[in-house]
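Text of start_34.cif, listed as mmCIF, C-alpha atoms:
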data_data
loop_
_atom_site.group_PDB
_atom_site.id
_atom_site.type_symbol
_atom_site.label_atom_id
_atom_site.label_comp_id
_atom_site.auth_asym_id
_atom_site.auth_seq_id
_atom_site.Cartn_x
_atom_site.Cartn_y
_atom_site.Cartn_z
ATOM 1 C CA MET A 1 -13.312 5.969 -6.860
ATOM 2 C CA ILE A 2 -11.153 2.963 -6.022
ATOM 3 C CA THR A 3 -12.483 1.284 -2.884
ATOM 4 C CA GLY A 4 -11.956 -1.877 -0.868
ATOM 5 C CA SER A 5 -8.869 -3.996 -0.280
ATOM 6 C CA ILE A 6 -5.851 -2.593 -2.097
ATOM 7 C CA VAL A 7 -2.764 -4.768 -1.745
ATOM 8 C CA ALA A 8 0.603 -3.072 -1.291
ATOM 9 C CA LEU A 9 2.189 -5.826 -3.357
ATOM 10 C CA VAL A 10 5.548 -7.371 -2.473
ATOM 11 C CA THR A 11 8.129 -7.591 -5.251
ATOM 12 C CA PRO A 12 9.297 -11.214 -5.654
ATOM 13 C CA MET A 13 13.002 -11.734 -6.297
ATOM 14 C CA ILE A 14 15.246 -14.585 -7.350
ATOM 15 C CA PRO A 15 17.430 -15.997 -4.555
ATOM 16 C CA GLY A 16 21.131 -15.388 -5.120
ATOM 17 C CA SER A 17 20.945 -12.806 -7.904
ATOM 18 C CA LEU A 18 18.114 -10.853 -6.205
ATOM 19 C CA GLU A 19 16.858 -9.827 -9.642
ATOM 20 C CA VAL A 20 13.109 -9.202 -9.912
ATOM 21 C CA ASP A 21 11.297 -12.502 -10.481
ATOM 22 C CA TRP A 22 9.035 -11.523 -13.375
ATOM 23 C CA ASP A 23 7.311 -14.905 -13.595
ATOM 24 C CA GLY A 24 6.723 -14.859 -9.853
ATOM 25 C CA LEU A 25 5.300 -11.342 -10.095
ATOM 26 C CA LYS A 26 2.846 -12.393 -12.798
ATOM 27 C CA GLN A 27 1.714 -15.334 -10.658
ATOM 28 C CA LEU A 28 1.125 -13.039 -7.663
ATOM 29 C CA VAL A 29 -0.954 -10.629 -9.736
ATOM 30 C CA GLU A 30 -3.079 -13.508 -11.057
ATOM 31 C CA TRP A 31 -3.565 -14.891 -7.552
ATOM 32 C CA HIS A 32 -4.696 -11.532 -6.193
ATOM 33 C CA ILE A 33 -7.208 -11.048 -8.969
ATOM 34 C CA GLU A 34 -8.566 -14.578 -8.425
ATOM 35 C CA GLN A 35 -8.790 -13.961 -4.666
ATOM 36 C CA GLY A 36 -10.797 -10.751 -5.015
ATOM 37 C CA THR A 37 -8.234 -8.022 -4.363
ATOM 38 C CA ASP A 38 -9.804 -4.742 -5.491
ATOM 39 C CA ALA A 39 -6.641 -2.911 -6.628
ATOM 40 C CA ILE A 40 -2.857 -3.271 -6.571
ATOM 41 C CA VAL A 41 -0.191 -0.833 -5.432
ATOM 42 C CA ALA A 42 2.941 -1.424 -7.495
ATOM 43 C CA VAL A 43 6.321 -0.654 -5.909
ATOM 44 C CA GLY A 44 5.258 0.952 -2.690
ATOM 45 C CA THR A 45 7.279 0.538 0.493
ATOM 46 C CA THR A 46 6.141 -3.083 0.736
ATOM 47 C CA GLY A 47 7.361 -3.562 -2.834
ATOM 48 C CA GLU A 48 10.869 -2.485 -1.755
ATOM 49 C CA SER A 49 10.810 0.802 -3.625
ATOM 50 C CA PRO A 50 13.936 2.068 -1.811
ATOM 51 C CA THR A 51 16.096 -0.751 -3.186
ATOM 52 C CA LEU A 52 14.862 -0.963 -6.786
ATOM 53 C CA ASP A 53 16.765 1.205 -9.225
ATOM 54 C CA VAL A 54 14.820 3.514 -11.523
ATOM 55 C CA GLN A 55 14.744 1.066 -14.438
ATOM 56 C CA GLU A 56 13.550 -1.791 -12.210
ATOM 57 C CA HIS A 57 10.995 0.458 -10.528
ATOM 58 C CA MET A 58 9.413 1.468 -13.827
ATOM 59 C CA ALA A 59 9.684 -2.013 -15.338
ATOM 60 C CA THR A 60 7.874 -3.464 -12.315
ATOM 61 C CA ILE A 61 5.052 -0.943 -12.630
ATOM 62 C CA ALA A 62 4.752 -1.695 -16.356
ATOM 63 C CA ALA A 63 4.762 -5.461 -15.741
ATOM 64 C CA ILE A 64 1.995 -5.239 -13.126
ATOM 65 C CA VAL A 65 -0.085 -3.031 -15.444
ATOM 66 C CA GLU A 66 0.385 -5.562 -18.241
ATOM 67 C CA ASP A 67 -0.362 -8.554 -16.014
ATOM 68 C CA ALA A 68 -3.464 -6.942 -14.503
ATOM 69 C CA ALA A 69 -4.705 -6.154 -18.026
ATOM 70 C CA GLY A 70 -7.376 -3.758 -16.821
ATOM 71 C CA ARG A 71 -9.032 -6.292 -14.525
ATOM 72 C CA VAL A 72 -8.165 -4.277 -11.411
ATOM 73 C CA PRO A 73 -6.752 -0.758 -11.065
ATOM 74 C CA VAL A 74 -2.995 -0.399 -10.629
ATOM 75 C CA ILE A 75 -1.701 2.387 -8.399
ATOM 76 C CA ALA A 76 1.991 3.128 -8.946
ATOM 77 C CA GLY A 77 4.238 4.194 -6.100
ATOM 78 C CA THR A 78 6.062 7.260 -7.446
ATOM 79 C CA GLY A 79 6.834 9.345 -4.384
ATOM 80 C CA ALA A 80 10.267 10.815 -3.703
ATOM 81 C CA ASN A 81 11.847 13.444 -1.492
ATOM 82 C CA CYS A 82 12.964 15.278 -4.633
ATOM 83 C CA THR A 83 10.056 17.034 -6.354
ATOM 84 C CA ARG A 84 11.638 16.834 -9.812
ATOM 85 C CA GLU A 85 12.281 13.123 -9.386
ATOM 86 C CA ALA A 86 8.702 12.495 -8.226
ATOM 87 C CA ILE A 87 7.396 14.338 -11.302
ATOM 88 C CA GLU A 88 9.538 12.216 -13.603
ATOM 89 C CA TRP A 89 8.523 8.938 -11.924
ATOM 90 C CA THR A 90 4.856 9.934 -11.961
ATOM 91 C CA ARG A 91 5.021 10.873 -15.640
ATOM 92 C CA ARG A 92 6.663 7.552 -16.514
ATOM 93 C CA ALA A 93 4.067 5.606 -14.502
ATOM 94 C CA GLN A 94 1.315 7.380 -16.425
ATOM 95 C CA GLN A 95 3.005 6.443 -19.697
ATOM 96 C CA ALA A 96 3.181 2.823 -18.491
ATOM 97 C CA GLY A 97 -0.578 2.783 -18.065
ATOM 98 C CA ALA A 98 -1.021 3.102 -14.295
ATOM 99 C CA ASP A 99 -4.497 4.159 -13.185
ATOM 100 C CA ALA A 100 -3.245 6.374 -10.367
ATOM 101 C CA CYS A 101 -0.089 7.165 -8.414
ATOM 102 C CA LEU A 102 0.691 6.997 -4.697
ATOM 103 C CA LEU A 103 3.051 9.717 -3.509
ATOM 104 C CA VAL A 104 4.644 9.426 -0.100
ATOM 105 C CA VAL A 105 5.341 12.502 1.992
ATOM 106 C CA PRO A 106 8.967 13.531 1.296
ATOM 107 C CA TYR A 107 11.259 11.701 3.687
ATOM 108 C CA TYR A 108 14.460 12.720 5.479
ATOM 109 C CA ASN A 109 14.540 16.375 4.389
ATOM 110 C CA LYS A 110 11.547 17.217 6.671
ATOM 111 C CA PRO A 111 9.798 20.007 4.735
ATOM 112 C CA THR A 112 7.392 22.470 6.320
ATOM 113 C CA GLN A 113 3.645 22.141 5.787
ATOM 114 C CA GLU A 114 3.898 24.775 3.063
ATOM 115 C CA GLY A 115 6.700 22.754 1.485
ATOM 116 C CA LEU A 116 4.508 19.641 1.548
ATOM 117 C CA TYR A 117 1.657 21.545 -0.044
ATOM 118 C CA LEU A 118 3.814 22.991 -2.810
ATOM 119 C CA HIS A 119 5.587 19.649 -3.436
ATOM 120 C CA HIS A 120 2.347 17.770 -4.068
ATOM 121 C CA LYS A 121 0.681 20.695 -5.856
ATOM 122 C CA THR A 122 3.635 20.956 -8.246
ATOM 123 C CA ILE A 123 3.514 17.228 -9.070
ATOM 124 C CA ALA A 124 -0.247 17.292 -9.576
ATOM 125 C CA GLU A 125 -0.011 20.259 -11.923
ATOM 126 C CA ALA A 126 2.853 18.674 -13.879
ATOM 127 C CA VAL A 127 1.207 15.257 -14.431
ATOM 128 C CA ASP A 128 -2.544 14.925 -14.853
ATOM 129 C CA ILE A 129 -2.858 11.341 -13.576
ATOM 130 C CA PRO A 130 -4.998 10.823 -10.411
ATOM 131 C CA GLN A 131 -2.763 11.062 -7.343
ATOM 132 C CA ILE A 132 -3.097 9.711 -3.794
ATOM 133 C CA LEU A 133 -1.188 11.279 -0.926
ATOM 134 C CA TYR A 134 0.602 8.932 1.482
ATOM 135 C CA ASN A 135 1.255 10.039 5.054
ATOM 136 C CA VAL A 136 3.445 7.674 7.092
ATOM 137 C CA PRO A 137 5.333 9.801 9.624
ATOM 138 C CA GLY A 138 6.819 6.752 11.353
ATOM 139 C CA ARG A 139 8.960 6.216 8.236
ATOM 140 C CA THR A 140 9.339 9.711 6.792
ATOM 141 C CA ALA A 141 9.935 11.726 9.991
ATOM 142 C CA CYS A 142 7.477 14.250 8.553
ATOM 143 C CA ASP A 143 3.751 14.428 9.280
ATOM 144 C CA MET A 144 1.306 15.936 6.795
ATOM 145 C CA LEU A 145 -1.275 17.654 8.991
ATOM 146 C CA SER A 146 -4.974 17.510 8.231
ATOM 147 C CA GLU A 147 -5.194 21.155 7.228
ATOM 148 C CA THR A 148 -2.553 20.545 4.556
ATOM 149 C CA VAL A 149 -4.466 17.519 3.265
ATOM 150 C CA VAL A 150 -7.639 19.614 3.048
ATOM 151 C CA ARG A 151 -5.802 22.250 0.993
ATOM 152 C CA LEU A 152 -4.424 19.606 -1.357
ATOM 153 C CA ALA A 153 -7.831 17.928 -1.678
ATOM 154 C CA GLU A 154 -9.019 20.979 -3.595
ATOM 155 C CA ILE A 155 -6.630 20.135 -6.460
ATOM 156 C CA PRO A 156 -8.724 18.134 -8.958
ATOM 157 C CA ASN A 157 -6.360 15.229 -9.631
ATOM 158 C CA ILE A 158 -5.364 14.734 -5.985
ATOM 159 C CA ILE A 159 -8.080 12.196 -5.250
ATOM 160 C CA GLY A 160 -7.298 10.709 -1.851
ATOM 161 C CA ILE A 161 -4.898 9.933 0.957
ATOM 162 C CA LYS A 162 -3.419 6.815 2.472
ATOM 163 C CA ASP A 163 -3.216 7.633 6.173
ATOM 164 C CA ALA A 164 -0.827 5.241 7.898
ATOM 165 C CA THR A 165 -0.786 6.973 11.274
ATOM 166 C CA GLY A 166 -3.201 4.448 12.803
ATOM 167 C CA ASP A 167 -4.753 7.418 14.595
ATOM 168 C CA LEU A 168 -8.526 7.047 14.304
ATOM 169 C CA ASP A 169 -9.121 10.575 15.591
ATOM 170 C CA ARG A 170 -6.974 11.793 12.708
ATOM 171 C CA GLY A 171 -8.950 9.570 10.342
ATOM 172 C CA ARG A 172 -12.257 10.956 11.582
ATOM 173 C CA GLU A 173 -10.952 14.502 11.146
ATOM 174 C CA LEU A 174 -9.957 13.776 7.554
ATOM 175 C CA ILE A 175 -13.312 12.159 6.740
ATOM 176 C CA GLU A 176 -15.192 15.140 8.190
ATOM 177 C CA SER A 177 -12.968 17.847 6.689
ATOM 178 C CA CYS A 178 -12.149 16.660 3.178
ATOM 179 C CA PRO A 179 -14.573 17.262 0.296
ATOM 180 C CA GLU A 180 -17.030 14.633 -0.857
ATOM 181 C CA GLY A 181 -15.434 12.279 -3.347
ATOM 182 C CA PHE A 182 -11.974 12.521 -1.770
ATOM 183 C CA ALA A 183 -10.929 9.009 -0.758
ATOM 184 C CA ILE A 184 -9.618 8.270 2.740
ATOM 185 C CA TYR A 185 -7.698 4.995 2.823
ATOM 186 C CA SER A 186 -6.197 3.321 5.844
ATOM 187 C CA GLY A 187 -2.541 2.431 5.710
ATOM 188 C CA ASP A 188 -2.666 0.591 9.018
ATOM 189 C CA ASP A 189 -4.214 -2.887 8.883
ATOM 190 C CA GLY A 190 -4.885 -3.059 12.613
ATOM 191 C CA THR A 191 -7.221 -0.021 12.565
ATOM 192 C CA ALA A 192 -8.406 -0.220 8.944
ATOM 193 C CA LEU A 193 -11.838 -1.674 9.633
ATOM 194 C CA GLU A 194 -12.720 0.969 12.195
ATOM 195 C CA LEU A 195 -11.685 3.706 9.773
ATOM 196 C CA ILE A 196 -13.869 2.151 7.064
ATOM 197 C CA LEU A 197 -16.825 1.947 9.452
ATOM 198 C CA MET A 198 -16.357 5.674 10.170
ATOM 199 C CA GLY A 199 -16.671 6.449 6.473
ATOM 200 C CA GLY A 200 -13.256 5.555 5.051
ATOM 201 C CA HIS A 201 -13.041 4.029 1.604
ATOM 202 C CA GLY A 202 -10.661 1.100 1.927
ATOM 203 C CA ASP A 203 -7.325 -0.216 3.089
ATOM 204 C CA ILE A 204 -3.948 -0.112 1.319
ATOM 205 C CA SER A 205 -2.850 -3.290 2.979
ATOM 206 C CA VAL A 206 0.200 -5.343 3.901
ATOM 207 C CA THR A 207 -1.955 -8.173 5.280
ATOM 208 C CA ALA A 208 -3.673 -8.544 1.895
ATOM 209 C CA ASN A 209 -0.427 -10.062 0.587
ATOM 210 C CA VAL A 210 -1.185 -13.234 2.575
ATOM 211 C CA ALA A 211 -4.965 -12.969 3.045
ATOM 212 C CA PRO A 212 -6.426 -11.281 -0.038
ATOM 213 C CA GLN A 213 -9.792 -13.031 0.086
ATOM 214 C CA LEU A 214 -10.365 -12.301 3.776
ATOM 215 C CA MET A 215 -9.215 -8.688 3.458
ATOM 216 C CA SER A 216 -11.496 -8.165 0.475
ATOM 217 C CA GLU A 217 -14.420 -9.660 2.384
ATOM 218 C CA MET A 218 -13.697 -7.568 5.467
ATOM 219 C CA CYS A 219 -13.521 -4.359 3.451
ATOM 220 C CA ARG A 220 -16.664 -5.218 1.488
ATOM 221 C CA LEU A 221 -18.636 -5.872 4.657
ATOM 222 C CA GLY A 222 -17.268 -2.740 6.301
ATOM 223 C CA LEU A 223 -18.126 -0.566 3.314
ATOM 224 C CA ALA A 224 -21.642 -2.058 3.344
ATOM 225 C CA GLY A 225 -21.988 -1.062 7.013
ATOM 226 C CA ASP A 226 -22.220 -4.652 8.295
ATOM 227 C CA ALA A 227 -20.008 -4.010 11.303
ATOM 228 C CA GLU A 228 -20.730 -7.243 13.124
ATOM 229 C CA ALA A 229 -19.832 -9.499 10.188
ATOM 230 C CA ALA A 230 -16.816 -7.377 9.262
ATOM 231 C CA ARG A 231 -15.474 -7.531 12.816
ATOM 232 C CA LYS A 232 -15.752 -11.334 12.791
ATOM 233 C CA VAL A 233 -13.525 -11.473 9.728
ATOM 234 C CA ASN A 234 -11.147 -8.929 11.208
ATOM 235 C CA ALA A 235 -10.868 -10.938 14.418
ATOM 236 C CA GLN A 236 -9.569 -13.846 12.354
ATOM 237 C CA LEU A 237 -6.953 -11.552 10.838
ATOM 238 C CA GLU A 238 -5.826 -9.639 13.933
ATOM 239 C CA PRO A 239 -2.929 -11.992 14.775
ATOM 240 C CA VAL A 240 -1.659 -11.557 11.204
ATOM 241 C CA HIS A 241 -1.957 -7.751 11.316
ATOM 242 C CA GLU A 242 0.253 -7.765 14.407
ATOM 243 C CA VAL A 243 2.872 -10.338 13.454
ATOM 244 C CA LEU A 244 3.616 -8.788 10.055
ATOM 245 C CA PHE A 245 5.340 -5.922 11.846
ATOM 246 C CA VAL A 246 7.592 -7.814 14.270
ATOM 247 C CA GLU A 247 10.430 -6.500 12.107
ATOM 248 C CA SER A 248 10.458 -3.696 9.551
ATOM 249 C CA ASN A 249 7.990 -4.102 6.699
ATOM 250 C CA PRO A 250 8.350 -5.891 4.262
ATOM 251 C CA ILE A 251 10.638 -8.347 6.072
ATOM 252 C CA PRO A 252 7.899 -10.398 7.796
ATOM 253 C CA VAL A 253 5.393 -10.296 4.953
ATOM 254 C CA LYS A 254 7.915 -11.409 2.309
ATOM 255 C CA TRP A 255 8.886 -14.316 4.557
ATOM 256 C CA ALA A 256 5.208 -15.179 5.066
ATOM 257 C CA VAL A 257 4.345 -15.065 1.353
ATOM 258 C CA ALA A 258 7.289 -17.378 0.625
ATOM 259 C CA GLU A 259 6.319 -19.679 3.502
ATOM 260 C CA MET A 260 2.884 -20.014 1.892
ATOM 261 C CA GLY A 261 4.596 -21.196 -1.293
ATOM 262 C CA LEU A 262 3.557 -18.159 -3.336
ATOM 263 C CA MET A 263 7.065 -16.964 -4.214
ATOM 264 C CA GLN A 264 10.733 -17.606 -3.473
ATOM 265 C CA GLN A 265 12.386 -16.288 -0.323
ATOM 266 C CA ALA A 266 14.562 -13.302 -1.234
ATOM 267 C CA ILE A 267 14.951 -9.714 -0.031
ATOM 268 C CA ARG A 268 17.514 -7.016 -0.778
ATOM 269 C CA LEU A 269 19.942 -5.383 1.599
ATOM 270 C CA PRO A 270 19.864 -3.409 3.773
ATOM 271 C CA LEU A 271 16.799 -5.490 4.672
ATOM 272 C CA THR A 272 17.470 -9.077 5.710
ATOM 273 C CA GLU A 273 15.329 -12.188 5.894
ATOM 274 C CA LEU A 274 13.116 -12.569 8.953
ATOM 275 C CA SER A 275 15.060 -13.443 12.091
ATOM 276 C CA SER A 276 14.722 -17.138 12.864
ATOM 277 C CA HIS A 277 13.291 -16.537 16.341
ATOM 278 C CA TYR A 278 10.189 -14.994 14.721
ATOM 279 C CA HIS A 279 9.529 -17.875 12.304
ATOM 280 C CA ASP A 280 7.286 -19.809 14.674
ATOM 281 C CA ASP A 281 5.326 -16.664 15.574
ATOM 282 C CA VAL A 282 4.571 -15.862 11.951
ATOM 283 C CA ARG A 283 3.676 -19.471 11.142
ATOM 284 C CA ALA A 284 1.364 -19.623 14.166
ATOM 285 C CA ALA A 285 -0.466 -16.446 13.126
ATOM 286 C CA LEU A 286 -0.915 -17.741 9.571
ATOM 287 C CA LYS A 287 -2.240 -21.046 10.878
ATOM 288 C CA GLN A 288 -4.573 -19.315 13.328
ATOM 289 C CA ALA A 289 -6.020 -17.327 10.416
ATOM 290 C CA LYS A 290 -6.346 -20.571 8.410
ATOM 291 C CA LEU A 291 -3.902 -19.321 5.787
ATOM 292 C CA LEU A 292 -1.361 -22.096 6.328
ATOM 293 C CA ASN A 293 -1.874 -25.787 7.120
#

Show me this structure written as structure tokens.
Amino acid sequence: MITGSIVALVTPMIPGSLEVDWDGLKQLVEWHIEQGTDAIVAVGTTGESPTLDVQEHMATIAAIVEDAAGRVPVIAGTGANCTREAIEWTRRAQQAGADACLLVVPYYNKPTQEGLYLHHKTIAEAVDIPQILYNVPGRTACDMLSETVVRLAEIPNIIGIKDATGDLDRGRELIESCPEGFAIYSGDDGTALELILMGGHGDISVTANVAPQLMSEMCRLGLAGDAEAARKVNAQLEPVHEVLFVESNPIPVKWAVAEMGLMQQAIRLPLTELSSHYHDDVRAALKQAKLLN
């Protein structure tokens, strides 16, 4: 089982052309491994999956797999609101060497719970790579209920869920209802530690893009049951958790990573660079967490 701090990695781009910055991507992967990140999600929402074309999407997954070189697991974002498309993307990610795939609940078309079950069941049966469900109703306008997750957890290669509801009661229900060995990951940095202390297995994190060492330490302490020490680390990070969502993700986090000198500042439309009136807020949170001088 993959546990701990799993970064939902940003995709660096070249200003002007907005092509993927392959050298910058390699440098980010190296930095995360050095800083103790436990696993990497390639081309999730934070990696701007909606604005990468299919060739870029798959090339980015392959590049991260190559750069990681087996040192940490790579989880490929391959979800889609078209079941056939999700199967194809998942198959190609497996061929590229990904360790697992992250499949978001289908967005916009708002399937029923039975539709959600059959969508994920069909993908899992078509491609035998380990698969992680991803429930983020604030973005998809569709909520995968706990009873549907429990049904899907019986499928052998569906191995976990990223729950981004931020609802700890929902998290507790999943932990209590899903079979042993099924991973429950937080997808909400602000409540991640409490979910881990309840029995969750880690955090698929936006904050880890700017604070990989601290997020890894927090998750490690939480998984070890050292709540007091973990909460001290989390208290240092709380301003960052909050400020990285002042505008739609990944707008603030890409700005913050560039401000830290880790990549160039570039983001694709329809997203735009962070509004100038938030710059001081983001800088202040990074400085408060001792991530920026």

>> My list of candidates is A:Glu259, A:Glu180, A:Glu34, A:Glu238. Which is closest to Ser216 in chain A when distances are computed with all atoms listed in the file?
In response: A:Glu34

>> I'd like the neighbourhood of Ala68 in chain A as an NGL selection string, where a residue qualifies if any of its atoms comes within 7 Å (using all atoms listed in the file), though same-chain residues fewer than 4 positions away should be ignored.
In response: :A and (29 or 64 or 72)

Closest-contact table, range 183-240 of chain A side, partner range 279-284 of chain A, 12 Å, counting only C-alpha atoms, as JSON lines:
{"residue": "A:Val210", "atom": "CA", "partner": "A:Val282", "partner_atom": "CA", "distance": 11.3}
{"residue": "A:Pro239", "atom": "CA", "partner": "A:Ala284", "partner_atom": "CA", "distance": 8.8}
{"residue": "A:Val240", "atom": "CA", "partner": "A:Val282", "partner_atom": "CA", "distance": 7.6}

> Of the residues A:Leu9, A:Leu271, A:Ala289, A:Ala227, which is the one nearest to His241 in chain A, using all atoms listed in the file?
Replying inline: A:Ala289

Reference answer for the PyMOL selection byres ((chain A and resi 128-136) around 9), as a CSV table (one decimal) with C-alpha atoms, in the frame of the given file:
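Dumped everything to part_2.csv:
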chain,number,residue,atom,x,y,z
A,75,ILE,CA,-1.7,2.4,-8.4
A,79,GLY,CA,6.8,9.3,-4.4
A,90,THR,CA,4.9,9.9,-12.0
A,91,ARG,CA,5.0,10.9,-15.6
A,94,GLN,CA,1.3,7.4,-16.4
A,98,ALA,CA,-1.0,3.1,-14.3
A,99,ASP,CA,-4.5,4.2,-13.2
A,100,ALA,CA,-3.2,6.4,-10.4
A,101,CYS,CA,-0.1,7.2,-8.4
A,102,LEU,CA,0.7,7.0,-4.7
A,103,LEU,CA,3.1,9.7,-3.5
A,104,VAL,CA,4.6,9.4,-0.1
A,105,VAL,CA,5.3,12.5,2.0
A,120,HIS,CA,2.3,17.8,-4.1
A,123,ILE,CA,3.5,17.2,-9.1
A,124,ALA,CA,-0.2,17.3,-9.6
A,125,GLU,CA,0.0,20.3,-11.9
A,126,ALA,CA,2.9,18.7,-13.9
A,127,VAL,CA,1.2,15.3,-14.4
A,137,PRO,CA,5.3,9.8,9.6
A,138,GLY,CA,6.8,6.8,11.4
A,139,ARG,CA,9.0,6.2,8.2
A,140,THR,CA,9.3,9.7,6.8
A,141,ALA,CA,9.9,11.7,10.0
A,142,CYS,CA,7.5,14.2,8.6
A,143,ASP,CA,3.8,14.4,9.3
A,144,MET,CA,1.3,15.9,6.8
A,145,LEU,CA,-1.3,17.7,9.0
A,149,VAL,CA,-4.5,17.5,3.3
A,152,LEU,CA,-4.4,19.6,-1.4
A,156,PRO,CA,-8.7,18.1,-9.0
A,157,ASN,CA,-6.4,15.2,-9.6
A,158,ILE,CA,-5.4,14.7,-6.0
A,159,ILE,CA,-8.1,12.2,-5.2
A,160,GLY,CA,-7.3,10.7,-1.9
A,161,ILE,CA,-4.9,9.9,1.0
A,162,LYS,CA,-3.4,6.8,2.5
A,163,ASP,CA,-3.2,7.6,6.2
A,164,ALA,CA,-0.8,5.2,7.9
A,165,THR,CA,-0.8,7.0,11.3
A,183,ALA,CA,-10.9,9.0,-0.8
A,187,GLY,CA,-2.5,2.4,5.7

> Hey, what comes out of the PyMOL selection byres ((chain A and resi 146) around 9) on this file? Could you write it as a PyMOL selection string?
Replying inline: chain A and resi 144-145+147-151+170+173-174+177-178

>> Can you tell me which residues surround Ala42 in chain A at a distance of at most 8 Å, considering all atoms listed in the file, apart from same-chain residues fewer than 2 positions away, and format the answer as a VMD selection string?
In response: chain A and resid 8 to 9 40 44 47 60 to 61 64 74 to 77

Excluding same-chain residues fewer than 3 positions from Glu194 in chain A, what lies within 9 Å of it counting all atoms listed in the file, as a short mmCIF file (atom, residue, chain, number, x, y, z; two decimals) with C-alpha atoms, in the frame of the given file?
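To be explicit, this is the file written out as selection-v3.cif:
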data_model
loop_
_atom_site.label_atom_id
_atom_site.label_comp_id
_atom_site.auth_asym_id
_atom_site.auth_seq_id
_atom_site.Cartn_x
_atom_site.Cartn_y
_atom_site.Cartn_z
CA LEU A 168 -8.53 7.05 14.30
CA GLY A 190 -4.88 -3.06 12.61
CA THR A 191 -7.22 -0.02 12.56
CA LEU A 197 -16.82 1.95 9.45
CA MET A 198 -16.36 5.67 10.17
CA GLY A 199 -16.67 6.45 6.47
CA GLY A 200 -13.26 5.56 5.05
CA GLY A 222 -17.27 -2.74 6.30
CA ALA A 227 -20.01 -4.01 11.30
CA ARG A 231 -15.47 -7.53 12.82
#

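Between CA of Val206 in chain A and CA of Gly181 in chain A there is a distance of 24.6 Å.
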
> Using the chain letters and numbers from the file, which residues does the PyMOL selection byres ((chain A and resi 254) around 9) grab, as a VMD selection string?
Replying inline: chain A and resid 10 to 12 46 209 249 to 253 255 to 259 263 to 267 273 to 274
